[in-house]
>>> print(open('structure_25.txt').read())   # compact mmCIF, N, CA and C atoms
# COMPACT_ATOMS: atom_id res chain seq x y z
N MET A 1 -27.87 16.27 7.12
CA MET A 1 -27.70 15.11 6.29
C MET A 1 -29.10 14.57 5.97
N ASP A 2 -29.32 14.31 4.71
CA ASP A 2 -30.62 13.79 4.31
C ASP A 2 -30.63 12.26 4.42
N LEU A 3 -31.79 11.69 4.24
CA LEU A 3 -31.96 10.25 4.40
C LEU A 3 -31.17 9.46 3.37
N HIS A 4 -31.11 9.97 2.14
CA HIS A 4 -30.37 9.27 1.08
C HIS A 4 -28.88 9.20 1.40
N SER A 5 -28.31 10.29 1.90
CA SER A 5 -26.89 10.30 2.26
C SER A 5 -26.61 9.35 3.42
N ALA A 6 -27.49 9.34 4.41
CA ALA A 6 -27.31 8.44 5.55
C ALA A 6 -27.38 6.98 5.09
N HIS A 7 -28.28 6.69 4.17
CA HIS A 7 -28.41 5.32 3.64
C HIS A 7 -27.15 4.91 2.89
N ARG A 8 -26.57 5.82 2.10
CA ARG A 8 -25.33 5.52 1.37
C ARG A 8 -24.18 5.26 2.33
N ILE A 9 -24.11 6.03 3.40
CA ILE A 9 -23.05 5.84 4.40
C ILE A 9 -23.20 4.47 5.06
N LEU A 10 -24.41 4.11 5.42
CA LEU A 10 -24.64 2.81 6.04
C LEU A 10 -24.30 1.67 5.09
N GLU A 11 -24.62 1.83 3.81
CA GLU A 11 -24.28 0.80 2.82
C GLU A 11 -22.76 0.65 2.69
N ALA A 12 -22.05 1.78 2.69
CA ALA A 12 -20.59 1.73 2.59
C ALA A 12 -19.98 1.06 3.80
N GLU A 13 -20.50 1.36 4.98
CA GLU A 13 -19.98 0.73 6.20
C GLU A 13 -20.29 -0.77 6.21
N ALA A 14 -21.48 -1.13 5.74
CA ALA A 14 -21.83 -2.56 5.69
C ALA A 14 -20.93 -3.30 4.70
N GLU A 15 -20.65 -2.69 3.56
CA GLU A 15 -19.76 -3.30 2.58
C GLU A 15 -18.35 -3.44 3.15
N ALA A 16 -17.89 -2.42 3.86
CA ALA A 16 -16.55 -2.48 4.45
C ALA A 16 -16.47 -3.58 5.50
N ALA A 17 -17.52 -3.72 6.31
CA ALA A 17 -17.53 -4.77 7.33
C ALA A 17 -17.62 -6.15 6.69
N ARG A 18 -18.37 -6.27 5.60
CA ARG A 18 -18.55 -7.56 4.95
C ARG A 18 -17.26 -8.03 4.29
N THR A 19 -16.57 -7.15 3.61
CA THR A 19 -15.37 -7.55 2.89
C THR A 19 -14.12 -7.50 3.76
N GLY A 20 -14.15 -6.73 4.83
CA GLY A 20 -12.98 -6.61 5.68
C GLY A 20 -11.89 -5.74 5.09
N LEU A 21 -12.21 -5.00 4.03
CA LEU A 21 -11.20 -4.17 3.38
C LEU A 21 -11.18 -2.74 3.90
N GLY A 22 -12.17 -2.36 4.68
CA GLY A 22 -12.22 -1.00 5.18
C GLY A 22 -12.76 -0.04 4.14
N THR A 23 -12.56 1.24 4.39
CA THR A 23 -13.03 2.27 3.47
C THR A 23 -11.92 3.27 3.22
N GLY A 24 -12.12 4.10 2.23
CA GLY A 24 -11.20 5.20 1.94
C GLY A 24 -9.80 4.74 1.59
N PRO A 25 -8.80 5.44 2.16
CA PRO A 25 -7.41 5.10 1.81
C PRO A 25 -6.99 3.71 2.28
N ASN A 26 -7.57 3.24 3.38
CA ASN A 26 -7.24 1.90 3.85
C ASN A 26 -7.65 0.87 2.80
N ARG A 27 -8.84 1.02 2.26
CA ARG A 27 -9.32 0.09 1.25
C ARG A 27 -8.44 0.13 0.00
N ARG A 28 -8.05 1.34 -0.43
CA ARG A 28 -7.21 1.45 -1.62
C ARG A 28 -5.87 0.78 -1.41
N LEU A 29 -5.25 0.98 -0.25
CA LEU A 29 -3.95 0.37 0.00
C LEU A 29 -4.06 -1.14 0.12
N ARG A 30 -5.09 -1.62 0.77
CA ARG A 30 -5.25 -3.07 0.91
C ARG A 30 -5.50 -3.73 -0.44
N LEU A 31 -6.30 -3.10 -1.29
CA LEU A 31 -6.53 -3.65 -2.63
C LEU A 31 -5.26 -3.62 -3.46
N THR A 32 -4.48 -2.56 -3.32
CA THR A 32 -3.20 -2.48 -4.03
C THR A 32 -2.31 -3.65 -3.63
N LEU A 33 -2.26 -3.94 -2.35
CA LEU A 33 -1.42 -5.03 -1.86
C LEU A 33 -1.97 -6.39 -2.30
N ILE A 34 -3.29 -6.57 -2.19
CA ILE A 34 -3.90 -7.86 -2.54
C ILE A 34 -3.77 -8.15 -4.03
N ILE A 35 -3.87 -7.12 -4.84
CA ILE A 35 -3.78 -7.33 -6.29
C ILE A 35 -2.33 -7.42 -6.74
N GLY A 36 -1.47 -6.56 -6.22
CA GLY A 36 -0.09 -6.48 -6.71
C GLY A 36 0.81 -7.61 -6.28
N MET A 37 0.70 -8.06 -5.04
CA MET A 37 1.63 -9.08 -4.56
C MET A 37 1.45 -10.45 -5.21
N PRO A 38 0.26 -11.05 -5.15
CA PRO A 38 0.14 -12.40 -5.72
C PRO A 38 0.08 -12.42 -7.24
N LEU A 39 0.13 -11.26 -7.85
CA LEU A 39 0.07 -11.20 -9.31
C LEU A 39 1.31 -11.82 -9.95
N PHE A 40 2.37 -12.04 -9.16
CA PHE A 40 3.57 -12.62 -9.75
C PHE A 40 3.34 -14.04 -10.23
N LEU A 41 2.36 -14.75 -9.66
CA LEU A 41 2.09 -16.12 -10.11
C LEU A 41 1.50 -16.14 -11.53
N PRO A 42 0.45 -15.34 -11.82
CA PRO A 42 -0.01 -15.31 -13.22
C PRO A 42 1.05 -14.77 -14.18
N VAL A 43 1.85 -13.81 -13.70
CA VAL A 43 2.91 -13.27 -14.56
C VAL A 43 3.91 -14.37 -14.88
N LEU A 44 4.24 -15.19 -13.91
CA LEU A 44 5.15 -16.31 -14.16
C LEU A 44 4.54 -17.28 -15.18
N GLY A 45 3.24 -17.56 -15.04
CA GLY A 45 2.58 -18.43 -16.01
C GLY A 45 2.58 -17.85 -17.41
N ILE A 46 2.34 -16.55 -17.51
CA ILE A 46 2.36 -15.89 -18.82
C ILE A 46 3.75 -15.93 -19.41
N MET A 47 4.77 -15.74 -18.57
CA MET A 47 6.14 -15.77 -19.07
C MET A 47 6.50 -17.16 -19.61
N ILE A 48 5.92 -18.18 -19.03
CA ILE A 48 6.18 -19.54 -19.50
C ILE A 48 5.49 -19.78 -20.85
N LEU A 49 4.32 -19.19 -21.02
CA LEU A 49 3.52 -19.45 -22.21
C LEU A 49 3.89 -18.61 -23.42
N VAL A 50 4.41 -17.40 -23.20
CA VAL A 50 4.71 -16.52 -24.34
C VAL A 50 6.04 -16.93 -24.97
N PRO A 51 6.26 -16.53 -26.22
CA PRO A 51 7.56 -16.81 -26.84
C PRO A 51 8.71 -16.16 -26.05
N LYS A 52 9.86 -16.75 -26.19
CA LYS A 52 11.03 -16.29 -25.43
C LYS A 52 11.34 -14.83 -25.68
N SER A 53 11.05 -14.33 -26.88
CA SER A 53 11.34 -12.94 -27.20
C SER A 53 10.45 -11.96 -26.44
N LEU A 54 9.31 -12.42 -25.91
CA LEU A 54 8.39 -11.54 -25.17
C LEU A 54 8.50 -11.68 -23.65
N MET A 55 9.29 -12.63 -23.17
CA MET A 55 9.39 -12.86 -21.73
C MET A 55 9.86 -11.62 -20.98
N ASN A 56 10.89 -10.96 -21.50
CA ASN A 56 11.39 -9.77 -20.81
C ASN A 56 10.37 -8.64 -20.82
N ASP A 57 9.59 -8.54 -21.89
CA ASP A 57 8.57 -7.50 -21.95
C ASP A 57 7.51 -7.71 -20.87
N VAL A 58 7.08 -8.95 -20.69
CA VAL A 58 6.10 -9.26 -19.65
C VAL A 58 6.67 -8.93 -18.28
N LEU A 59 7.92 -9.28 -18.07
CA LEU A 59 8.58 -9.00 -16.79
C LEU A 59 8.68 -7.51 -16.55
N HIS A 60 9.02 -6.74 -17.56
CA HIS A 60 9.14 -5.28 -17.39
C HIS A 60 7.80 -4.64 -17.08
N VAL A 61 6.74 -5.16 -17.65
CA VAL A 61 5.40 -4.63 -17.35
C VAL A 61 5.06 -4.90 -15.88
N TYR A 62 5.37 -6.09 -15.37
CA TYR A 62 5.10 -6.39 -13.97
C TYR A 62 5.98 -5.54 -13.06
N GLU A 63 7.22 -5.34 -13.42
CA GLU A 63 8.10 -4.48 -12.62
C GLU A 63 7.57 -3.05 -12.58
N ALA A 64 7.05 -2.58 -13.69
CA ALA A 64 6.44 -1.24 -13.71
C ALA A 64 5.22 -1.22 -12.80
N GLY A 65 4.49 -2.33 -12.74
CA GLY A 65 3.34 -2.42 -11.84
C GLY A 65 3.76 -2.34 -10.38
N ILE A 66 4.87 -2.99 -10.03
CA ILE A 66 5.38 -2.92 -8.65
C ILE A 66 5.76 -1.47 -8.32
N ILE A 67 6.43 -0.81 -9.22
CA ILE A 67 6.79 0.59 -9.00
C ILE A 67 5.53 1.44 -8.84
N GLY A 68 4.52 1.16 -9.67
CA GLY A 68 3.26 1.89 -9.56
C GLY A 68 2.58 1.68 -8.22
N CYS A 69 2.61 0.45 -7.73
CA CYS A 69 2.03 0.16 -6.41
C CYS A 69 2.76 0.92 -5.31
N LEU A 70 4.08 0.91 -5.36
CA LEU A 70 4.84 1.64 -4.34
C LEU A 70 4.61 3.15 -4.44
N LEU A 71 4.47 3.66 -5.64
CA LEU A 71 4.16 5.09 -5.80
C LEU A 71 2.76 5.41 -5.27
N HIS A 72 1.84 4.47 -5.37
CA HIS A 72 0.52 4.67 -4.79
C HIS A 72 0.63 4.80 -3.28
N TYR A 73 1.48 4.00 -2.65
CA TYR A 73 1.70 4.11 -1.21
C TYR A 73 2.28 5.49 -0.87
N VAL A 74 3.21 5.96 -1.67
CA VAL A 74 3.79 7.29 -1.44
C VAL A 74 2.73 8.37 -1.57
N TRP A 75 1.85 8.23 -2.56
CA TRP A 75 0.80 9.20 -2.78
C TRP A 75 -0.16 9.27 -1.60
N VAL A 76 -0.54 8.12 -1.05
CA VAL A 76 -1.44 8.10 0.12
C VAL A 76 -0.71 8.70 1.32
N PHE A 77 0.57 8.38 1.48
CA PHE A 77 1.33 8.96 2.60
C PHE A 77 1.39 10.48 2.48
N ALA A 78 1.54 10.98 1.26
CA ALA A 78 1.60 12.43 1.06
C ALA A 78 0.27 13.09 1.42
N GLN A 79 -0.83 12.37 1.27
CA GLN A 79 -2.13 12.92 1.64
C GLN A 79 -2.32 12.94 3.15
N TYR A 80 -1.71 12.00 3.87
CA TYR A 80 -1.83 11.90 5.32
C TYR A 80 -0.44 11.82 5.94
N PRO A 81 0.34 12.90 5.90
CA PRO A 81 1.72 12.81 6.38
C PRO A 81 1.85 12.69 7.91
N ARG A 82 0.91 13.23 8.65
CA ARG A 82 1.00 13.19 10.12
C ARG A 82 0.15 12.06 10.68
N TYR A 83 0.67 11.40 11.68
CA TYR A 83 -0.02 10.27 12.30
C TYR A 83 -1.36 10.71 12.89
N VAL A 84 -1.40 11.91 13.44
CA VAL A 84 -2.61 12.40 14.10
C VAL A 84 -3.76 12.55 13.11
N GLY A 85 -3.47 12.92 11.88
CA GLY A 85 -4.51 13.15 10.89
C GLY A 85 -4.89 11.94 10.07
N ARG A 86 -4.35 10.77 10.38
CA ARG A 86 -4.62 9.58 9.59
C ARG A 86 -5.84 8.83 10.11
N PRO A 87 -6.56 8.15 9.21
CA PRO A 87 -7.63 7.26 9.66
C PRO A 87 -7.03 6.10 10.45
N PRO A 88 -7.85 5.42 11.24
CA PRO A 88 -7.33 4.29 12.02
C PRO A 88 -6.72 3.22 11.12
N TYR A 89 -5.63 2.64 11.56
CA TYR A 89 -4.92 1.55 10.90
C TYR A 89 -4.23 1.95 9.59
N LEU A 90 -4.23 3.22 9.23
CA LEU A 90 -3.59 3.61 7.98
C LEU A 90 -2.07 3.47 8.07
N THR A 91 -1.50 3.73 9.24
CA THR A 91 -0.06 3.58 9.39
C THR A 91 0.35 2.12 9.15
N ARG A 92 -0.42 1.20 9.68
CA ARG A 92 -0.14 -0.22 9.47
C ARG A 92 -0.25 -0.56 7.99
N ASP A 93 -1.30 -0.06 7.35
CA ASP A 93 -1.49 -0.35 5.93
C ASP A 93 -0.38 0.27 5.08
N LEU A 94 0.10 1.44 5.48
CA LEU A 94 1.21 2.06 4.76
C LEU A 94 2.48 1.22 4.89
N ALA A 95 2.72 0.70 6.08
CA ALA A 95 3.92 -0.11 6.30
C ALA A 95 3.88 -1.43 5.54
N MET A 96 2.68 -1.89 5.19
CA MET A 96 2.55 -3.15 4.46
C MET A 96 3.09 -3.04 3.03
N GLY A 97 3.43 -1.85 2.58
CA GLY A 97 4.05 -1.70 1.28
C GLY A 97 5.37 -2.45 1.18
N GLY A 98 5.96 -2.77 2.31
CA GLY A 98 7.17 -3.57 2.33
C GLY A 98 6.96 -4.98 1.82
N GLY A 99 5.70 -5.39 1.71
CA GLY A 99 5.39 -6.73 1.20
C GLY A 99 5.76 -6.92 -0.25
N PHE A 100 6.00 -5.84 -0.97
CA PHE A 100 6.40 -5.96 -2.36
C PHE A 100 7.86 -6.40 -2.50
N PHE A 101 8.51 -6.62 -1.37
CA PHE A 101 9.87 -7.16 -1.38
C PHE A 101 9.89 -8.57 -1.96
N LEU A 102 8.93 -9.40 -1.55
CA LEU A 102 8.94 -10.81 -1.97
C LEU A 102 8.78 -10.99 -3.48
N PRO A 103 7.78 -10.35 -4.13
CA PRO A 103 7.73 -10.53 -5.58
C PRO A 103 8.94 -9.93 -6.28
N SER A 104 9.49 -8.86 -5.72
CA SER A 104 10.70 -8.27 -6.31
C SER A 104 11.87 -9.24 -6.19
N LEU A 105 11.96 -9.89 -5.04
CA LEU A 105 13.02 -10.87 -4.82
C LEU A 105 12.85 -12.07 -5.76
N PHE A 106 11.62 -12.49 -5.97
CA PHE A 106 11.34 -13.64 -6.83
C PHE A 106 11.83 -13.40 -8.25
N PHE A 107 11.61 -12.19 -8.76
CA PHE A 107 12.01 -11.88 -10.14
C PHE A 107 13.38 -11.19 -10.22
N GLY A 108 14.03 -10.97 -9.10
CA GLY A 108 15.34 -10.32 -9.11
C GLY A 108 15.28 -8.85 -9.50
N PHE A 109 14.19 -8.20 -9.12
CA PHE A 109 14.00 -6.79 -9.43
C PHE A 109 14.60 -5.97 -8.30
N TRP A 110 15.86 -5.58 -8.44
CA TRP A 110 16.58 -4.96 -7.33
C TRP A 110 16.00 -3.61 -6.89
N PRO A 111 15.44 -2.75 -7.78
CA PRO A 111 14.84 -1.52 -7.24
C PRO A 111 13.69 -1.81 -6.26
N GLY A 112 12.90 -2.84 -6.54
CA GLY A 112 11.83 -3.22 -5.62
C GLY A 112 12.37 -3.84 -4.34
N MET A 113 13.48 -4.60 -4.47
CA MET A 113 14.08 -5.21 -3.28
C MET A 113 14.64 -4.16 -2.33
N ILE A 114 15.02 -3.02 -2.86
CA ILE A 114 15.54 -1.94 -2.02
C ILE A 114 14.41 -1.03 -1.56
N ALA A 115 13.51 -0.67 -2.47
CA ALA A 115 12.47 0.32 -2.16
C ALA A 115 11.43 -0.20 -1.18
N ALA A 116 11.01 -1.44 -1.30
CA ALA A 116 9.94 -1.96 -0.45
C ALA A 116 10.33 -1.99 1.03
N PRO A 117 11.46 -2.59 1.42
CA PRO A 117 11.82 -2.54 2.84
C PRO A 117 12.17 -1.14 3.30
N ALA A 118 12.79 -0.35 2.42
CA ALA A 118 13.10 1.03 2.80
C ALA A 118 11.82 1.81 3.07
N TRP A 119 10.77 1.52 2.30
CA TRP A 119 9.49 2.20 2.51
C TRP A 119 8.93 1.87 3.90
N SER A 120 8.98 0.60 4.29
CA SER A 120 8.47 0.21 5.61
C SER A 120 9.27 0.87 6.72
N VAL A 121 10.57 0.93 6.55
CA VAL A 121 11.41 1.60 7.55
C VAL A 121 11.07 3.08 7.60
N PHE A 122 10.87 3.70 6.46
CA PHE A 122 10.51 5.12 6.41
C PHE A 122 9.20 5.39 7.15
N VAL A 123 8.19 4.55 6.92
CA VAL A 123 6.90 4.73 7.59
C VAL A 123 7.06 4.55 9.10
N GLY A 124 7.85 3.57 9.51
CA GLY A 124 8.10 3.36 10.94
C GLY A 124 8.83 4.52 11.58
N VAL A 125 9.82 5.05 10.90
CA VAL A 125 10.56 6.20 11.45
C VAL A 125 9.66 7.43 11.50
N ALA A 126 8.85 7.65 10.47
CA ALA A 126 7.92 8.79 10.47
C ALA A 126 6.93 8.67 11.62
N TYR A 127 6.45 7.46 11.89
CA TYR A 127 5.54 7.23 13.01
C TYR A 127 6.24 7.53 14.33
N ALA A 128 7.46 7.03 14.50
CA ALA A 128 8.19 7.26 15.74
C ALA A 128 8.46 8.74 15.95
N VAL A 129 8.80 9.46 14.90
CA VAL A 129 9.04 10.90 15.02
C VAL A 129 7.76 11.63 15.41
N ASP A 130 6.63 11.25 14.82
CA ASP A 130 5.36 11.89 15.16
C ASP A 130 4.99 11.63 16.62
N VAL A 131 5.18 10.39 17.08
CA VAL A 131 4.87 10.07 18.47
C VAL A 131 5.81 10.83 19.40
N TRP A 132 7.07 10.92 19.04
CA TRP A 132 8.04 11.65 19.87
C TRP A 132 7.67 13.13 19.93
N ARG A 133 7.31 13.73 18.79
CA ARG A 133 6.89 15.14 18.77
C ARG A 133 5.67 15.37 19.65
N GLU A 134 4.70 14.48 19.53
CA GLU A 134 3.47 14.62 20.31
C GLU A 134 3.77 14.52 21.80
N HIS A 135 4.64 13.57 22.16
CA HIS A 135 5.03 13.41 23.57
C HIS A 135 5.77 14.64 24.06
N ARG A 136 6.64 15.19 23.23
CA ARG A 136 7.42 16.37 23.61
C ARG A 136 6.53 17.61 23.76
N GLU A 137 5.50 17.74 22.90
CA GLU A 137 4.60 18.88 22.98
C GLU A 137 3.72 18.84 24.23
N ARG A 138 3.47 17.66 24.77
CA ARG A 138 2.66 17.52 25.99
C ARG A 138 3.38 18.05 27.21
N ARG A 139 4.67 18.03 27.17
CA ARG A 139 5.45 18.45 28.35
C ARG A 139 5.37 19.89 28.55
>>> encode(input="structure_25.txt", output="structure tokens")
Amino acid sequence: MDLHSAHRILEAEAEAARTGLGTGPNRRLRLTLIIGMPLFLPVLGIMILVPKSLMNDVLHVYEAGIIGCLLHYVWVFAQYPRYVGRPPYLTRDLAMGGGFFLPSLFFGFWPGMIAAPAWSVFVGVAYAVDVWREHRERR
């Protein structure tokens, strides 16, 4: 490793420590959650300000954003399907995808109300199965 690469790594670690967002997939998932969840407040404000004929269009765009966020969680899970191969705290960050339940509930978006908690349950069950397999292989 040359000096320039080591300096870039140290800068990335310092940035991760400063912002508290982590690095790599953890950072991507946390940003997805931070941006996607509270976005329902500006969307609500926009829906109030636009003409009545455009309100449903604004809502559908936000609903598509929620689906996109949940698909991003699925994509990261597909990259790290086994608990052993995941970076630290990635399982917790994956389970936080269930947080999209609240904005879905606020707007009455039933696919999000079903998918978000189901996603958290899926991540928990996958974690339990991995731990059980690892424990069984030790015997």
>>> atom_distance(input="structure_25.txt", atom1="atom N of Gly97 of chain A", atom2="atom N of Tyr62 of chain A")
18.5 Å
>>> closest_residue(input="structure_25.txt", among="A:Leu71, A:Leu44, A:Ala64, A:Ala95", to="Val121 of chain A", atoms="only C-alpha atoms")
A:Ala95
>>> residues_near_point(input="structure_25.txt", point="(15.2, -9.9, -15.8)", cutoff="10 Å", atoms="only C-alpha atoms", output="list in words")
Met55, Asn56, Asp57, Val58, Leu59, His60, Glu63, Phe107, Gly108, Phe109 and Trp110 of chain A
>>> write_last_selection(input="structure_25.txt", atoms="N, CA and C atoms", output="tab-separated table (two decimals), in the coordinates of the input")
chain	number	residue	atom	x	y	z
A	55	MET	N	9.29	-12.63	-23.17
A	55	MET	CA	9.39	-12.86	-21.73
A	55	MET	C	9.86	-11.62	-20.98
A	56	ASN	N	10.89	-10.96	-21.50
A	56	ASN	CA	11.39	-9.77	-20.81
A	56	ASN	C	10.37	-8.64	-20.82
A	57	ASP	N	9.59	-8.54	-21.89
A	57	ASP	CA	8.57	-7.50	-21.95
A	57	ASP	C	7.51	-7.71	-20.87
A	58	VAL	N	7.08	-8.95	-20.69
A	58	VAL	CA	6.10	-9.26	-19.65
A	58	VAL	C	6.67	-8.93	-18.28
A	59	LEU	N	7.92	-9.28	-18.07
A	59	LEU	CA	8.58	-9.00	-16.79
A	59	LEU	C	8.68	-7.51	-16.55
A	60	HIS	N	9.02	-6.74	-17.56
A	60	HIS	CA	9.14	-5.28	-17.39
A	60	HIS	C	7.80	-4.64	-17.08
A	63	GLU	N	7.22	-5.34	-13.42
A	63	GLU	CA	8.10	-4.48	-12.62
A	63	GLU	C	7.57	-3.05	-12.58
A	107	PHE	N	11.61	-12.19	-8.76
A	107	PHE	CA	12.01	-11.88	-10.14
A	107	PHE	C	13.38	-11.19	-10.22
A	108	GLY	N	14.03	-10.97	-9.10
A	108	GLY	CA	15.34	-10.32	-9.11
A	108	GLY	C	15.28	-8.85	-9.50
A	109	PHE	N	14.19	-8.20	-9.12
A	109	PHE	CA	14.00	-6.79	-9.43
A	109	PHE	C	14.60	-5.97	-8.30
A	110	TRP	N	15.86	-5.58	-8.44
A	110	TRP	CA	16.58	-4.96	-7.33
A	110	TRP	C	16.00	-3.61	-6.89
>>> select_by_dssp(input="structure_25.txt", residues="segment 1-137 of chain A", states="alpha helix (DSSP H)", output="number ranges by chain")
A: 3-19, 24-36, 40-49, 52-79, 90-95, 101-107, 110-137
>>> atom_distance(input="structure_25.txt", atom1="atom CA of Leu70 of chain A", atom2="atom CA of Arg133 of chain A")
26.8 Å
>>> closest_residue(input="structure_25.txt", among="A:Gly22, A:Gly85, A:Gly98, A:Pro103", to="Leu39 of chain A", atoms="only N, CA and C atoms")
A:Pro103
>>> atom_distance(input="structure_25.txt", atom1="atom CA of Cys69 of chain A", atom2="atom CA of Leu33 of chain A")
7.7 Å
>>> closest_residue(input="structure_25.txt", among="A:Gly45, A:Pro111, A:Pro81, A:Gly99", to="Leu29 of chain A", atoms="only C-alpha atoms")
A:Gly99
>>> residues_around(input="structure_25.txt", residues="Trp119 of chain A", least_positions_apart="3", cutoff="12 Å", atoms="only C-alpha atoms", output="ChimeraX atom specification")
/A:67,69-74,77,91,93-101,111-116,122-126
>>> closest_residue(input="structure_25.txt", among="A:Phe106, A:Pro25, A:Pro38, A:His135", to="Leu90 of chain A", atoms="all atoms listed in the file")
A:Pro25
>>> axis_aligned_box(input="structure_25.txt", around="segment 56-70 of chain A", padding_each_side="6 Å", output="lines of an AutoDock Vina configuration file")
center_x = 6.7
center_y = -3.9
center_z = -13.1
size_x = 21.4
size_y = 26.1
size_z = 29.6
>>> residues_around(input="structure_25.txt", residues="Asp130 of chain A", least_positions_apart="4", cutoff="7 Å", atoms="only C-alpha atoms", output="mmCIF file with N, CA and C atoms, in the coordinates of the input")
data_model
loop_
_atom_site.group_PDB
_atom_site.id
_atom_site.type_symbol
_atom_site.label_atom_id
_atom_site.label_comp_id
_atom_site.auth_asym_id
_atom_site.auth_seq_id
_atom_site.Cartn_x
_atom_site.Cartn_y
_atom_site.Cartn_z
ATOM 1 N N ARG A 82 0.910 13.230 8.650
ATOM 2 C CA ARG A 82 1.000 13.190 10.120
ATOM 3 C C ARG A 82 0.150 12.060 10.680
ATOM 4 N N TYR A 83 0.670 11.400 11.680
ATOM 5 C CA TYR A 83 -0.020 10.270 12.300
ATOM 6 C C TYR A 83 -1.360 10.710 12.890
ATOM 7 N N ALA A 126 8.850 7.650 10.470
ATOM 8 C CA ALA A 126 7.920 8.790 10.470
ATOM 9 C C ALA A 126 6.930 8.670 11.620
ATOM 10 N N GLU A 134 4.700 14.480 19.530
ATOM 11 C CA GLU A 134 3.470 14.620 20.310
ATOM 12 C C GLU A 134 3.770 14.520 21.800
#
>>> decode(input="structure_25.txt", residues="segment 102-116 of chain A", atoms="N, CA, C and O atoms", output="PDB file, in the first residue's frame")
ATOM      1  N   LEU A 102     -43.673   3.477   9.180  1.00  0.00           N
ATOM      2  CA  LEU A 102     -44.355   4.688   9.650  1.00  0.00           C
ATOM      3  C   LEU A 102     -44.751   5.638   8.523  1.00  0.00           C
ATOM      4  O   LEU A 102     -45.903   6.079   8.481  1.00  0.00           O
ATOM      5  N   PRO A 103     -43.844   5.989   7.588  1.00  0.00           N
ATOM      6  CA  PRO A 103     -44.318   6.853   6.505  1.00  0.00           C
ATOM      7  C   PRO A 103     -45.366   6.170   5.633  1.00  0.00           C
ATOM      8  O   PRO A 103     -46.279   6.826   5.118  1.00  0.00           O
ATOM      9  N   SER A 104     -45.254   4.850   5.487  1.00  0.00           N
ATOM     10  CA  SER A 104     -46.264   4.120   4.713  1.00  0.00           C
ATOM     11  C   SER A 104     -47.614   4.180   5.419  1.00  0.00           C
ATOM     12  O   SER A 104     -48.650   4.351   4.780  1.00  0.00           O
ATOM     13  N   LEU A 105     -47.589   4.046   6.734  1.00  0.00           N
ATOM     14  CA  LEU A 105     -48.816   4.125   7.520  1.00  0.00           C
ATOM     15  C   LEU A 105     -49.419   5.530   7.440  1.00  0.00           C
ATOM     16  O   LEU A 105     -50.634   5.687   7.320  1.00  0.00           O
ATOM     17  N   PHE A 106     -48.577   6.539   7.471  1.00  0.00           N
ATOM     18  CA  PHE A 106     -49.037   7.928   7.428  1.00  0.00           C
ATOM     19  C   PHE A 106     -49.814   8.212   6.147  1.00  0.00           C
ATOM     20  O   PHE A 106     -50.833   8.897   6.178  1.00  0.00           O
ATOM     21  N   PHE A 107     -49.325   7.693   5.019  1.00  0.00           N
ATOM     22  CA  PHE A 107     -49.984   7.948   3.736  1.00  0.00           C
ATOM     23  C   PHE A 107     -50.933   6.824   3.318  1.00  0.00           C
ATOM     24  O   PHE A 107     -51.528   6.878   2.250  1.00  0.00           O
ATOM     25  N   GLY A 108     -51.065   5.787   4.132  1.00  0.00           N
ATOM     26  CA  GLY A 108     -51.962   4.689   3.792  1.00  0.00           C
ATOM     27  C   GLY A 108     -51.468   3.850   2.630  1.00  0.00           C
ATOM     28  O   GLY A 108     -52.258   3.310   1.862  1.00  0.00           O
ATOM     29  N   PHE A 109     -50.150   3.728   2.519  1.00  0.00           N
ATOM     30  CA  PHE A 109     -49.549   2.957   1.435  1.00  0.00           C
ATOM     31  C   PHE A 109     -49.402   1.519   1.906  1.00  0.00           C
ATOM     32  O   PHE A 109     -48.419   1.145   2.534  1.00  0.00           O
ATOM     33  N   TRP A 110     -50.397   0.685   1.612  1.00  0.00           N
ATOM     34  CA  TRP A 110     -50.438  -0.654   2.182  1.00  0.00           C
ATOM     35  C   TRP A 110     -49.281  -1.558   1.739  1.00  0.00           C
ATOM     36  O   TRP A 110     -48.851  -2.391   2.543  1.00  0.00           O
ATOM     37  N   PRO A 111     -48.742  -1.463   0.497  1.00  0.00           N
ATOM     38  CA  PRO A 111     -47.581  -2.319   0.207  1.00  0.00           C
ATOM     39  C   PRO A 111     -46.389  -2.027   1.128  1.00  0.00           C
ATOM     40  O   PRO A 111     -45.696  -2.947   1.557  1.00  0.00           O
ATOM     41  N   GLY A 112     -46.185  -0.759   1.469  1.00  0.00           N
ATOM     42  CA  GLY A 112     -45.110  -0.413   2.395  1.00  0.00           C
ATOM     43  C   GLY A 112     -45.416  -0.852   3.816  1.00  0.00           C
ATOM     44  O   GLY A 112     -44.520  -1.238   4.562  1.00  0.00           O
ATOM     45  N   MET A 113     -46.709  -0.794   4.193  1.00  0.00           N
ATOM     46  CA  MET A 113     -47.090  -1.228   5.535  1.00  0.00           C
ATOM     47  C   MET A 113     -46.888  -2.727   5.718  1.00  0.00           C
ATOM     48  O   MET A 113     -46.680  -3.193   6.837  1.00  0.00           O
ATOM     49  N   ILE A 114     -46.945  -3.471   4.648  1.00  0.00           N
ATOM     50  CA  ILE A 114     -46.724  -4.918   4.722  1.00  0.00           C
ATOM     51  C   ILE A 114     -45.245  -5.242   4.534  1.00  0.00           C
ATOM     52  O   ILE A 114     -44.671  -6.045   5.267  1.00  0.00           O
ATOM     53  N   ALA A 115     -44.607  -4.614   3.543  1.00  0.00           N
ATOM     54  CA  ALA A 115     -43.235  -4.973   3.184  1.00  0.00           C
ATOM     55  C   ALA A 115     -42.219  -4.564   4.247  1.00  0.00           C
ATOM     56  O   ALA A 115     -41.269  -5.302   4.514  1.00  0.00           O
ATOM     57  N   ALA A 116     -42.371  -3.405   4.856  1.00  0.00           N
ATOM     58  CA  ALA A 116     -41.370  -2.917   5.805  1.00  0.00           C
ATOM     59  C   ALA A 116     -41.257  -3.816   7.045  1.00  0.00           C
ATOM     60  O   ALA A 116     -40.156  -4.271   7.372  1.00  0.00           O
TER      61      ALA A 116
END
